[in-house]
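One file, protein.txt, is given below (compact mmCIF, C-alpha atoms).
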```
# COMPACT_ATOMS: atom_id res chain seq x y z
CA MET A 60 8.08 4.34 -5.35
CA GLY A 61 5.42 1.71 -5.88
CA ARG A 62 2.77 0.81 -3.36
CA ARG A 63 4.85 0.90 -0.25
CA ASP A 64 3.45 3.43 2.16
CA PRO A 65 -0.13 4.76 2.30
CA LEU A 66 0.58 8.40 3.14
CA LEU A 67 2.51 9.26 0.00
CA ARG A 68 0.11 7.36 -2.23
CA GLU A 69 -2.60 9.60 -0.83
CA ILE A 70 -0.43 12.67 -1.38
CA ILE A 71 0.33 11.73 -4.97
CA ALA A 72 -3.30 10.88 -5.59
CA LYS A 73 -4.27 14.42 -4.60
CA ASP A 74 -1.54 15.93 -6.79
CA VAL A 75 -2.47 13.79 -9.79
CA LYS A 76 -6.14 14.64 -9.38
CA THR A 77 -5.32 18.34 -9.59
CA ARG A 78 -3.37 17.67 -12.78
CA GLY A 79 -6.32 15.92 -14.40
CA GLY A 80 -4.54 12.69 -15.26
CA LYS A 81 -3.29 9.32 -14.09
CA GLY A 82 0.26 9.31 -15.46
CA ARG A 83 2.18 6.07 -15.55
CA ASP A 84 -0.53 3.60 -14.63
CA LEU A 85 -0.80 5.51 -11.38
CA THR A 86 -4.11 3.85 -10.52
CA ARG A 87 -2.20 0.66 -9.77
CA ARG A 88 1.38 1.67 -9.03
CA MET A 89 1.03 4.93 -7.11
CA LEU A 90 -2.56 5.57 -6.13
CA TYR A 91 -3.61 2.17 -4.83
CA LEU A 92 -4.32 2.53 -1.11
CA PRO A 93 -5.20 -0.94 0.16
CA ALA A 94 -7.21 -0.87 3.36
CA LEU A 95 -5.48 -3.95 4.74
CA ILE A 96 -2.04 -2.33 4.55
CA VAL A 97 -3.34 0.68 6.42
CA ALA A 98 -4.94 -1.57 9.02
CA GLY A 99 -1.76 -3.61 9.34
CA VAL A 100 0.34 -0.50 9.83
CA LEU A 101 -2.00 0.84 12.49
CA LEU A 102 -2.06 -2.43 14.38
CA ALA A 103 1.70 -2.93 14.12
CA CYS A 104 2.44 0.54 15.41
CA ALA A 105 -0.28 0.49 18.09
CA GLY A 106 -1.64 3.78 16.81
CA ALA A 107 1.68 5.63 16.93
CA LEU A 108 1.97 5.95 13.15
CA ILE A 109 -1.53 7.09 12.33
CA ALA A 110 -0.93 7.93 8.66
CA LEU A 111 2.12 6.65 6.86
CA SER A 112 4.38 6.89 3.85
CA GLU A 113 5.74 5.58 0.48
CA LYS A 114 9.09 4.90 -1.12
CA LYS A 115 12.42 6.07 0.13
CA ALA A 116 15.48 7.52 -1.34
CA GLN A 117 18.86 7.21 0.27
CA ALA A 118 22.45 7.44 -0.76
CA ALA A 119 24.72 4.45 -1.21
CA PHE A 120 27.98 5.70 0.25
CA PRO A 121 31.26 3.98 -0.71
CA GLY A 122 32.56 1.39 1.72
CA LYS A 123 32.39 -2.25 2.74
CA ASN A 124 28.97 -3.87 2.59
CA GLY A 125 27.16 -3.81 5.90
CA LYS A 126 23.59 -4.57 6.89
CA ILE A 127 20.42 -3.73 5.00
CA ALA A 128 17.77 -1.66 6.78
CA TYR A 129 14.15 -2.00 5.72
CA GLU A 130 10.61 -1.49 6.97
CA ASN A 131 8.26 -4.38 7.70
CA PHE A 132 4.53 -4.30 8.40
CA GLY A 133 1.59 -6.68 8.38
CA GLY A 134 1.22 -10.41 8.78
CA GLY A 135 1.14 -10.16 12.56
CA THR A 136 4.70 -8.80 12.66
CA ASP A 137 5.94 -6.20 15.12
CA GLY A 138 6.03 -3.46 12.52
CA GLY A 139 8.82 -0.96 12.13
CA ILE A 140 12.40 -0.66 10.90
CA TYR A 141 14.70 -3.67 10.96
CA THR A 142 18.25 -4.44 9.91
CA ILE A 143 19.51 -7.74 8.49
CA ASN A 144 22.71 -9.17 7.05
CA PRO A 145 22.70 -9.49 3.24
CA GLY A 146 22.84 -13.25 3.69
CA GLY A 147 19.51 -13.20 5.53
CA ARG A 148 20.65 -13.63 9.14
CA GLY A 149 20.96 -11.32 12.13
CA LYS A 150 17.55 -9.63 11.87
CA SER A 151 17.10 -6.93 14.52
CA LYS A 152 14.48 -4.25 15.14
CA VAL A 153 15.78 -0.68 15.33
CA ALA A 154 12.78 1.64 15.52
CA GLY A 155 9.03 1.90 15.11
CA GLY A 156 9.14 4.16 12.06
CA ILE A 157 9.35 3.99 8.27
CA GLN A 158 11.71 4.86 5.37
CA PRO A 159 15.13 4.03 6.87
CA ALA A 160 18.27 5.68 5.49
CA TYR A 161 21.78 4.81 6.69
CA SER A 162 24.33 7.45 7.61
CA PRO A 163 27.56 7.43 5.55
CA ASN A 164 29.54 5.57 8.23
CA GLY A 165 26.78 3.05 8.87
CA ASN A 166 26.46 3.99 12.54
CA ARG A 167 23.05 5.69 12.47
CA ILE A 168 19.75 5.42 10.64
CA ALA A 169 17.45 8.31 9.76
CA TYR A 170 13.75 7.59 9.43
CA ALA A 171 10.27 9.09 9.51
CA GLY A 172 8.21 8.51 12.64
CA SER A 173 5.14 9.87 14.35
CA ASP A 174 5.36 12.34 17.23
CA GLY A 175 1.69 11.79 18.00
CA HIS A 176 0.54 14.49 15.60
CA ASP A 177 2.34 14.04 12.30
CA LEU A 178 5.45 12.49 10.78
CA GLU A 179 8.84 13.93 11.76
CA ILE A 180 12.43 12.97 10.90
CA TYR A 181 14.42 11.13 13.56
CA THR A 182 17.82 9.46 13.78
CA LYS A 183 18.87 6.52 15.90
CA ASN A 184 21.89 4.29 16.40
CA ALA A 185 21.86 1.46 13.88
CA SER A 186 21.79 -0.95 16.82
CA GLY A 187 18.89 0.96 18.41
CA GLY A 188 18.96 3.61 21.12
CA ASP A 189 19.97 7.29 21.25
CA LYS A 190 16.86 8.52 19.45
CA ARG A 191 17.12 12.14 18.24
CA LYS A 192 14.45 14.33 16.66
CA VAL A 193 15.63 16.33 13.64
CA THR A 194 12.44 18.09 12.50
CA ASN A 195 9.56 19.57 14.47
CA ASN A 196 6.81 20.87 12.22
CA SER A 197 3.05 20.80 11.86
CA THR A 198 3.38 19.03 8.48
CA ASP A 199 4.37 15.48 7.53
CA ASP A 200 8.12 15.10 6.98
CA PHE A 201 9.35 11.98 5.22
CA TYR A 202 12.00 10.45 2.87
CA PRO A 203 15.16 11.37 4.86
CA ALA A 204 18.59 11.06 3.22
CA TYR A 205 21.99 11.83 4.74
CA SER A 206 24.59 14.06 3.10
CA PRO A 207 28.01 12.41 2.49
CA ASP A 208 29.58 14.24 5.44
CA GLY A 209 26.73 13.12 7.70
CA LYS A 210 25.98 16.69 8.78
CA ARG A 211 22.76 17.36 6.87
CA ILE A 212 19.61 15.52 5.96
CA ALA A 213 17.46 16.11 2.89
CA TYR A 214 13.80 15.24 3.27
CA SER A 215 10.35 15.88 1.83
CA VAL A 216 7.54 17.90 3.38
CA TYR A 217 3.93 17.60 2.35
CA ASN A 218 1.80 20.71 2.70
CA ASP A 219 -1.12 22.36 0.93
CA VAL A 220 0.87 22.94 -2.27
CA GLY A 221 2.24 19.42 -2.59
CA SER A 222 5.57 17.79 -1.78
CA VAL A 223 8.61 20.04 -1.27
CA ILE A 224 12.24 19.06 -0.58
CA TYR A 225 14.17 20.70 2.25
CA THR A 226 17.60 20.21 3.79
CA LYS A 227 18.55 20.69 7.43
CA ASN A 228 21.45 20.12 9.81
CA VAL A 229 21.08 16.88 11.75
CA SER A 230 21.77 18.85 14.92
CA GLY A 231 18.85 21.19 14.26
CA GLY A 232 18.54 24.78 13.11
CA ALA A 233 16.63 26.34 10.24
CA ARG A 234 15.63 24.32 7.22
CA SER A 235 16.46 25.33 3.63
CA LYS A 236 13.95 24.89 0.81
CA LEU A 237 15.37 23.22 -2.27
CA THR A 238 12.68 22.38 -4.84
CA GLU A 239 9.33 20.74 -5.43
CA GLY A 240 9.53 16.96 -5.44
CA TRP A 241 10.17 13.98 -3.18
CA GLU A 242 12.59 11.08 -2.62
CA PRO A 243 15.76 13.22 -2.36
CA VAL A 244 19.17 11.53 -2.33
CA TYR A 245 22.63 13.12 -2.19
CA SER A 246 25.33 12.34 -4.72
CA PRO A 247 28.41 10.77 -3.09
CA ASP A 248 30.44 13.96 -3.67
CA GLY A 249 27.73 16.02 -1.96
CA LYS A 250 27.32 18.43 -4.87
CA ARG A 251 23.92 17.39 -6.21
CA ILE A 252 20.65 15.81 -5.11
CA ALA A 253 18.60 13.42 -7.23
CA TYR A 254 14.86 13.33 -6.69
CA THR A 255 11.47 12.47 -8.20
CA ARG A 256 9.11 15.10 -9.53
CA PHE A 257 6.03 15.38 -11.68
CA VAL A 258 6.34 16.01 -15.40
CA GLY A 259 2.80 16.61 -16.57
CA ASN A 260 0.80 13.70 -15.21
CA THR A 261 3.69 11.30 -14.71
CA THR A 262 6.99 11.28 -12.80
CA GLU A 263 10.67 11.45 -13.79
CA ILE A 264 14.09 11.62 -12.12
CA TYR A 265 15.89 14.97 -11.87
CA THR A 266 19.04 16.26 -10.21
CA ILE A 267 19.74 19.70 -8.76
CA LYS A 268 22.63 21.45 -7.01
CA VAL A 269 22.52 21.09 -3.23
CA GLY A 270 22.15 24.86 -2.93
CA GLY A 271 19.50 24.99 -5.64
CA GLY A 272 19.69 25.72 -9.35
CA ASP A 273 21.04 23.88 -12.41
CA LYS A 274 18.08 21.49 -12.49
CA ARG A 275 18.68 18.57 -14.90
CA ARG A 276 16.27 15.94 -16.15
CA VAL A 277 17.80 12.45 -16.13
CA THR A 278 15.05 10.08 -17.31
CA HIS A 279 12.53 10.14 -20.17
CA ASN A 280 9.95 7.37 -20.10
CA ASP A 281 7.25 7.37 -22.77
CA LYS A 282 5.71 4.19 -21.32
CA GLY A 283 5.03 5.63 -17.88
CA GLY A 284 6.85 7.10 -14.91
CA ASN A 285 10.13 6.65 -13.06
CA ASP A 286 10.86 7.12 -9.35
CA GLY A 287 12.99 6.08 -6.37
CA PRO A 288 16.48 7.30 -7.40
CA ASP A 289 19.65 6.07 -5.68
CA TYR A 290 23.19 7.14 -6.62
CA SER A 291 25.86 4.50 -7.16
CA PRO A 292 28.78 4.77 -4.69
CA ASN A 293 31.06 6.19 -7.41
CA GLY A 294 28.40 8.77 -8.33
CA LYS A 295 28.38 7.85 -12.03
CA ARG A 296 25.00 6.13 -12.23
CA ILE A 297 21.53 6.31 -10.71
CA ALA A 298 19.34 3.29 -9.99
CA TYR A 299 15.58 3.75 -10.10
CA ALA A 300 12.27 1.98 -10.66
CA GLY A 301 10.75 2.48 -14.09
CA TYR A 302 7.50 1.39 -15.69
CA ASP A 303 8.14 -0.69 -18.85
CA GLY A 304 4.55 -0.76 -20.10
CA HIS A 305 3.65 -3.84 -18.06
CA ASP A 306 5.12 -3.40 -14.58
CA ALA A 307 7.91 -1.63 -12.73
CA GLU A 308 11.49 -2.89 -13.09
CA ILE A 309 14.86 -1.78 -11.74
CA TYR A 310 17.05 0.24 -14.10
CA THR A 311 20.33 2.10 -13.87
CA ILE A 312 21.31 5.11 -15.94
CA LYS A 313 24.27 7.48 -16.24
CA VAL A 314 23.81 10.72 -14.33
CA ASP A 315 23.73 12.58 -17.68
CA GLY A 316 20.80 10.44 -18.85
CA GLY A 317 22.65 8.02 -21.14
CA GLY A 318 23.48 4.34 -20.92
CA LYS A 319 20.15 3.12 -19.57
CA THR A 320 20.36 -0.52 -18.42
CA LYS A 321 17.53 -2.81 -17.33
CA VAL A 322 18.54 -4.81 -14.25
CA THR A 323 15.42 -6.86 -13.48
CA ASP A 324 12.86 -8.43 -15.83
CA ASN A 325 9.97 -10.08 -14.02
CA ALA A 326 6.21 -10.47 -14.26
CA LYS A 327 5.49 -8.12 -11.35
CA ASP A 328 6.73 -4.81 -10.00
CA GLU A 329 10.31 -4.61 -8.72
CA GLU A 330 11.03 -1.35 -6.92
CA ALA A 331 12.94 0.75 -4.39
CA PRO A 332 16.58 0.13 -5.45
CA SER A 333 19.50 0.72 -3.07
CA TYR A 334 23.12 0.21 -4.17
CA SER A 335 25.48 -1.80 -2.02
CA PRO A 336 28.38 0.29 -0.63
CA ASN A 337 30.87 -1.64 -2.81
CA GLY A 338 28.75 -0.83 -5.89
CA LYS A 339 28.43 -4.41 -7.08
CA LYS A 340 24.86 -5.20 -6.06
CA ILE A 341 21.47 -3.58 -5.64
CA ALA A 342 18.95 -4.30 -2.87
CA TYR A 343 15.32 -3.84 -3.89
CA GLU A 344 11.73 -4.92 -3.33
CA CYS A 345 10.91 -8.28 -4.89
CA PHE A 346 8.07 -10.81 -4.62
CA LYS A 347 7.70 -14.06 -2.76
CA ALA A 348 5.70 -15.61 -5.59
CA LEU A 349 6.77 -14.22 -8.96
CA GLY A 350 4.52 -15.04 -11.87
CA THR A 351 1.42 -15.80 -9.77
CA ASP A 352 -1.80 -13.92 -9.26
CA ASP A 353 -1.16 -13.34 -5.57
CA ASP A 354 -2.06 -9.91 -4.24
CA GLU A 355 0.98 -7.79 -5.10
CA ASP A 356 0.39 -5.36 -2.28
CA PHE A 357 1.07 -7.97 0.40
CA ASP A 358 3.84 -10.00 -1.17
CA HIS A 359 7.05 -7.99 -1.04
CA GLU A 360 10.42 -9.16 0.27
CA ILE A 361 13.90 -7.66 0.07
CA CYS A 362 16.16 -9.17 -2.59
CA THR A 363 19.62 -8.38 -3.93
CA ILE A 364 20.88 -8.66 -7.50
CA ASN A 365 24.07 -7.89 -9.41
CA VAL A 366 24.12 -4.37 -10.87
CA GLY A 367 24.23 -5.88 -14.34
CA GLY A 368 21.48 -8.39 -13.53
CA GLY A 369 21.69 -11.99 -12.37
CA ASP A 370 22.50 -13.74 -9.11
CA LYS A 371 19.20 -12.73 -7.51
CA THR A 372 19.05 -13.58 -3.81
CA LYS A 373 16.08 -13.24 -1.45
CA VAL A 374 17.24 -11.69 1.82
CA THR A 375 14.09 -11.51 3.94
CA ASP A 376 11.38 -14.07 4.59
CA THR A 377 8.56 -12.29 6.34
CA ALA A 378 4.94 -12.94 7.20
CA GLY A 379 4.25 -9.31 6.39
CA TYR A 380 5.40 -6.77 3.87
CA ALA A 381 9.12 -5.94 3.63
CA SER A 382 10.00 -2.77 1.74
CA ASP A 383 12.16 0.30 1.34
CA PRO A 384 15.71 -1.13 1.72
CA SER A 385 18.74 0.99 2.59
CA TRP A 386 22.11 -0.77 2.29
CA GLY A 387 24.54 0.54 4.87
CA SER A 388 28.31 0.56 5.08
CA ARG A 389 30.05 -1.65 7.61
CA PRO A 390 30.94 0.65 10.55
```
Conversion result in structure tokens:
Amino acid sequence: MGRRDPLLREIIAKDVKTRGGKGRDLTRRMLYLPALIVAGVLLACAGALIALSEKKAQAAFPGKNGKIAYENFGGGTDGGIYTINPGGRGKSKVAGGIQPAYSPNGNRIAYAGSDGHDLEIYTKNASGGDKRKVTNNSTDDFYPAYSPDGKRIAYSVYNDVGSVIYTKNVSGGARSKLTEGWEPVYSPDGKRIAYTRFVGNTTEIYTIKVGGGDKRRVTHNDKGGNDGPDYSPNGKRIAYAGYDGHDAEIYTIKVDGGGKTKVTDNAKDEEAPSYSPNGKKIAYECFKALGTDDDEDFDHEICTINVGGGDKTKVTDTAGYASDPSWGSRP
């Protein structure tokens, strides 16, 4: 989850405070709320997104590799959601929101955006246009993720008791409460949802049946917390960001909790993994200047890497802060 979006850092900060602890170096990785990011978001969105977010979760559905959606703020950029080819060309703005998540067929993108009062879930064509509002509440709704059939969206709601996961038909109707937590993501077979939740004063990855029940803990990190789950297209593994005692790195693990593999190994935080639809690569947040003392909170780009590590490629080259990638299928 990292430092991406101010709103959720504030949410987590409140939750951690009530638990009397800091968890996995949460003062730096989850609670840091830099004023310049907030200012950059407000300027980029011209006041439309008054209070914003943090890391995504979205499914990587099987298919041919398409574009990567991501959010970009700061550095004088026209903030919002963009798409780009994995090779770094064809950048295009889609919406003025945050936390993009591709639909299974790659035709639409779900995201969180302001309605002038709070954050709601919207969908839009991946090329822009045909904006549709999915939620309409008096609370902040964020972290949308499509179901494999494209008919439902899982998302998080922040209210007085913390962050709670709901699911809802994309066409509207009543919402269904699932469990406490955030960053929900459907398994490719549509039977389970992976998500992040507190365990004491830190965070771990869990899965649960889409209808509730059979909650299973996937990760166990004695060095700090884990967050930002994303299912592989074959549903056998989950990618996530984990704290290794020094910084956050990208890992993958079997859905039953075995076979943990470290994908990245750098001097600064690497976060927000998203599998490619063909299952061979992972898009994630990387840094422009690895190994330097540059301010980490203003230095993120989108990179890709092989699922087993190696062949790292920087996709974006922004003046601002690129984050929260979602790798879509080719329509």
Query raised in the report: Quick one: of A:Gly316, A:Leu237, A:Tyr245, A:Thr375, who's nearest to A:Arg275, counting all atoms listed in the file?
Result: A:Gly316
**Report entry** Near-A:Gly147 list (8 Å; all atoms listed in the file; drop same-chain fewer than 4 positions) as a list of chain:residue names
**Finding:** A:Ile143, A:Lys373, A:Val374, A:Thr375
Query raised in the report: At a cut-off of 9 Å from (8.4, -10.9, -14.5) in the coordinates of the file, what residues are picked up using all atoms listed in the file, written as a PyMOL selection string?
Result: chain A and resi 306+308+323-329+349-350
Report task. For a cut-off of 9 Å around (22.1, 1.9, -16.5), file coordinates, pick out all residues using all atoms listed in the file and list them as a list in words. Result ->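 Using all atoms listed in the file, the matching residues come out as Arg296, Ile297, Ala298, Tyr310, Thr311, Ile312, Lys313, Gly316, Gly317, Gly318, Lys319, Thr320, Lys321, Val322, Val366 and Gly367 of chain A.
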Query - Separation of atom CA of A:Gly272 from atom CA of A:Tyr214 in Å - result: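 Computing the Euclidean distance for atom CA of A:Tyr214 and atom CA of A:Gly272 yields 17.4 Å.
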Requested in this report: Take atom CA of A:Glu344 and atom CA of A:Gly379 and report the distance between them in Å, one decimal.
Outcome: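 Atom CA of A:Glu344 sits 13.0 Å away from atom CA of A:Gly379.
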Requested in this report: Could you check how far atom CA of A:His279 sits from atom CA of A:Glu263, in Å to one decimal?
Outcome: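 Between atom CA of A:His279 and atom CA of A:Glu263 the gap works out to 6.8 Å.
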How close does stretch 199-312 of chain A get to stretch 151-162 of chain A? List, as JSON lines, each residue of stretch 199-312 of chain A within 10 Å, its nearest atom pair and the distance in Å to one decimal, counting all atoms listed in the file.
```
{"residue": "A:Phe201", "atom": "CA", "partner": "A:Gln158", "partner_atom": "CA", "distance": 7.5}
{"residue": "A:Tyr202", "atom": "CA", "partner": "A:Gln158", "partner_atom": "CA", "distance": 6.1}
{"residue": "A:Pro203", "atom": "CA", "partner": "A:Ala160", "partner_atom": "CA", "distance": 6.5}
{"residue": "A:Ala204", "atom": "CA", "partner": "A:Ala160", "partner_atom": "CA", "distance": 5.8}
{"residue": "A:Tyr205", "atom": "CA", "partner": "A:Ser162", "partner_atom": "CA", "distance": 5.7}
{"residue": "A:Ser206", "atom": "CA", "partner": "A:Ser162", "partner_atom": "CA", "distance": 8.0}
{"residue": "A:Pro207", "atom": "CA", "partner": "A:Ser162", "partner_atom": "CA", "distance": 8.0}
{"residue": "A:Asp208", "atom": "CA", "partner": "A:Ser162", "partner_atom": "CA", "distance": 8.9}
{"residue": "A:Gly209", "atom": "CA", "partner": "A:Ser162", "partner_atom": "CA", "distance": 6.2}
{"residue": "A:Lys210", "atom": "CA", "partner": "A:Ser162", "partner_atom": "CA", "distance": 9.5}
{"residue": "A:Ile212", "atom": "CA", "partner": "A:Ser162", "partner_atom": "CA", "distance": 9.5}
{"residue": "A:Val244", "atom": "CA", "partner": "A:Ala160", "partner_atom": "CA", "distance": 9.8}
```
Query raised in the report: Between A:Pro163, A:Tyr343, A:Arg256, A:Pro288, which one has atoms that come closest to A:Ser388, using all atoms listed in the file?
Result: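 Looking only at the distances to A:Ser388, the closest residue turns out to be A:Pro163.
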Requested in this report: Extract, using all atoms listed in the file, all DNA, RNA and protein residues at most 6 Å from A:Ala128, discarding same-chain residues fewer than 5 positions from it, and format them as a ChimeraX atom specification.
Outcome: /A:141-142,384-385
Query raised in the report: Excluding same-chain residues fewer than 4 positions from A:Gly122, what lies within 10 Å of it counting all atoms listed in the file, as a list in words?
Result: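 With the cut-off at 10 Å, the set is Pro163, Asn164, Gly165, Pro292, Ser335, Pro336, Asn337, Gly338, Gly387, Ser388, Arg389 and Pro390 of chain A.
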Query raised in the report: Which is closer to A:Lys347 than all the others in A:Asp370, A:Asp289, A:Asp376, A:Asp383, using only C-alpha atoms?
Result: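 Closest to A:Lys347 of all the choices is A:Asp376.
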Query raised in the report: Pick from A:Ile361, A:Val258, A:Ile127, A:Val229: nearest to A:Ala169, with all atoms listed in the file counted?
Result: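 The answer is A:Val229, which sits nearest to A:Ala169.
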Query raised in the report: Which of these, A:Thr238, A:Ser186, A:Asn195, A:Ser173, has the shortest distance to A:Tyr254 once you count only C-alpha atoms?
Result: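 Under the stated criterion, the closest residue is A:Thr238.
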Polymer residues at most 10 Å from A:Thr262, all atoms listed in the file, same-chain spacing of 2 or more positions, as a PDB file with C-alpha atoms, in the coordinates of the input:
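selection25.pdb, freshly written:
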```pdb
ATOM      1  CA  GLY A  82       0.260   9.310 -15.460  1.00  0.00           C
ATOM      2  CA  ARG A  83       2.180   6.070 -15.550  1.00  0.00           C
ATOM      3  CA  LEU A  85      -0.800   5.510 -11.380  1.00  0.00           C
ATOM      4  CA  GLY A 240       9.530  16.960  -5.440  1.00  0.00           C
ATOM      5  CA  THR A 255      11.470  12.470  -8.200  1.00  0.00           C
ATOM      6  CA  ARG A 256       9.110  15.100  -9.530  1.00  0.00           C
ATOM      7  CA  PHE A 257       6.030  15.380 -11.680  1.00  0.00           C
ATOM      8  CA  VAL A 258       6.340  16.010 -15.400  1.00  0.00           C
ATOM      9  CA  GLY A 259       2.800  16.610 -16.570  1.00  0.00           C
ATOM     10  CA  ASN A 260       0.800  13.700 -15.210  1.00  0.00           C
ATOM     11  CA  ILE A 264      14.090  11.620 -12.120  1.00  0.00           C
ATOM     12  CA  TYR A 265      15.890  14.970 -11.870  1.00  0.00           C
ATOM     13  CA  THR A 278      15.050  10.080 -17.310  1.00  0.00           C
ATOM     14  CA  HIS A 279      12.530  10.140 -20.170  1.00  0.00           C
ATOM     15  CA  ASN A 280       9.950   7.370 -20.100  1.00  0.00           C
ATOM     16  CA  GLY A 283       5.030   5.630 -17.880  1.00  0.00           C
ATOM     17  CA  GLY A 284       6.850   7.100 -14.910  1.00  0.00           C
ATOM     18  CA  ASN A 285      10.130   6.650 -13.060  1.00  0.00           C
ATOM     19  CA  ASP A 286      10.860   7.120  -9.350  1.00  0.00           C
ATOM     20  CA  GLY A 301      10.750   2.480 -14.090  1.00  0.00           C
TER      21      GLY A 301
END
```
Is it possible to add N, CA and C atoms to stretch 279-300 of chain A and hand it back as an mmCIF file, keeping the file's coordinate frame?
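Saved the output as part-v6.cif:
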```
data_model
loop_
_atom_site.group_PDB
_atom_site.id
_atom_site.type_symbol
_atom_site.label_atom_id
_atom_site.label_comp_id
_atom_site.auth_asym_id
_atom_site.auth_seq_id
_atom_site.Cartn_x
_atom_site.Cartn_y
_atom_site.Cartn_z
ATOM 1 N N HIS A 279 13.630 9.838 -19.246
ATOM 2 C CA HIS A 279 12.530 10.140 -20.170
ATOM 3 C C HIS A 279 11.834 8.822 -20.478
ATOM 4 N N ASN A 280 10.643 8.643 -19.953
ATOM 5 C CA ASN A 280 9.950 7.370 -20.100
ATOM 6 C C ASN A 280 8.612 7.585 -20.775
ATOM 7 N N ASP A 281 8.499 7.181 -22.042
ATOM 8 C CA ASP A 281 7.250 7.370 -22.770
ATOM 9 C C ASP A 281 6.235 6.264 -22.488
ATOM 10 N N LYS A 282 6.625 5.276 -21.671
ATOM 11 C CA LYS A 282 5.710 4.190 -21.320
ATOM 12 C C LYS A 282 5.040 4.423 -19.972
ATOM 13 N N GLY A 283 5.558 5.359 -19.205
ATOM 14 C CA GLY A 283 5.030 5.630 -17.880
ATOM 15 C C GLY A 283 6.049 6.379 -17.073
ATOM 16 N N GLY A 284 5.978 6.298 -15.752
ATOM 17 C CA GLY A 284 6.850 7.100 -14.910
ATOM 18 C C GLY A 284 8.037 6.363 -14.349
ATOM 19 N N ASN A 285 8.948 7.146 -13.748
ATOM 20 C CA ASN A 285 10.130 6.650 -13.060
ATOM 21 C C ASN A 285 10.179 7.277 -11.670
ATOM 22 N N ASP A 286 10.763 6.563 -10.690
ATOM 23 C CA ASP A 286 10.860 7.120 -9.350
ATOM 24 C C ASP A 286 11.897 6.353 -8.536
ATOM 25 N N GLY A 287 12.109 6.794 -7.301
ATOM 26 C CA GLY A 287 12.990 6.080 -6.370
ATOM 27 C C GLY A 287 14.455 6.105 -6.714
ATOM 28 N N PRO A 288 15.076 7.272 -6.995
ATOM 29 C CA PRO A 288 16.480 7.300 -7.400
ATOM 30 C C PRO A 288 17.436 6.946 -6.265
ATOM 31 N N ASP A 289 18.586 6.353 -6.635
ATOM 32 C CA ASP A 289 19.650 6.070 -5.680
ATOM 33 C C ASP A 289 20.984 6.133 -6.426
ATOM 34 N N TYR A 290 21.881 7.011 -5.988
ATOM 35 C CA TYR A 290 23.190 7.140 -6.620
ATOM 36 C C TYR A 290 24.053 5.911 -6.364
ATOM 37 N N SER A 291 24.840 5.523 -7.367
ATOM 38 C CA SER A 291 25.860 4.500 -7.160
ATOM 39 C C SER A 291 26.963 5.092 -6.287
ATOM 40 N N PRO A 292 27.732 4.247 -5.580
ATOM 41 C CA PRO A 292 28.780 4.770 -4.690
ATOM 42 C C PRO A 292 29.833 5.621 -5.392
ATOM 43 N N ASN A 293 30.085 5.370 -6.685
ATOM 44 C CA ASN A 293 31.060 6.190 -7.410
ATOM 45 C C ASN A 293 30.425 7.434 -8.021
ATOM 46 N N GLY A 294 29.099 7.583 -7.869
ATOM 47 C CA GLY A 294 28.400 8.770 -8.330
ATOM 48 C C GLY A 294 28.171 8.857 -9.821
ATOM 49 N N LYS A 295 28.482 7.792 -10.569
ATOM 50 C CA LYS A 295 28.380 7.850 -12.030
ATOM 51 C C LYS A 295 27.017 7.415 -12.559
ATOM 52 N N ARG A 296 26.281 6.637 -11.764
ATOM 53 C CA ARG A 296 25.000 6.130 -12.230
ATOM 54 C C ARG A 296 23.915 6.328 -11.163
ATOM 55 N N ILE A 297 22.675 6.230 -11.598
ATOM 56 C CA ILE A 297 21.530 6.310 -10.710
ATOM 57 C C ILE A 297 20.646 5.110 -10.957
ATOM 58 N N ALA A 298 20.315 4.384 -9.906
ATOM 59 C CA ALA A 298 19.340 3.290 -9.990
ATOM 60 C C ALA A 298 17.965 3.859 -9.702
ATOM 61 N N TYR A 299 16.945 3.276 -10.325
ATOM 62 C CA TYR A 299 15.580 3.750 -10.100
ATOM 63 C C TYR A 299 14.602 2.673 -10.548
ATOM 64 N N ALA A 300 13.331 2.866 -10.198
ATOM 65 C CA ALA A 300 12.270 1.980 -10.660
ATOM 66 C C ALA A 300 11.555 2.662 -11.816
#
```
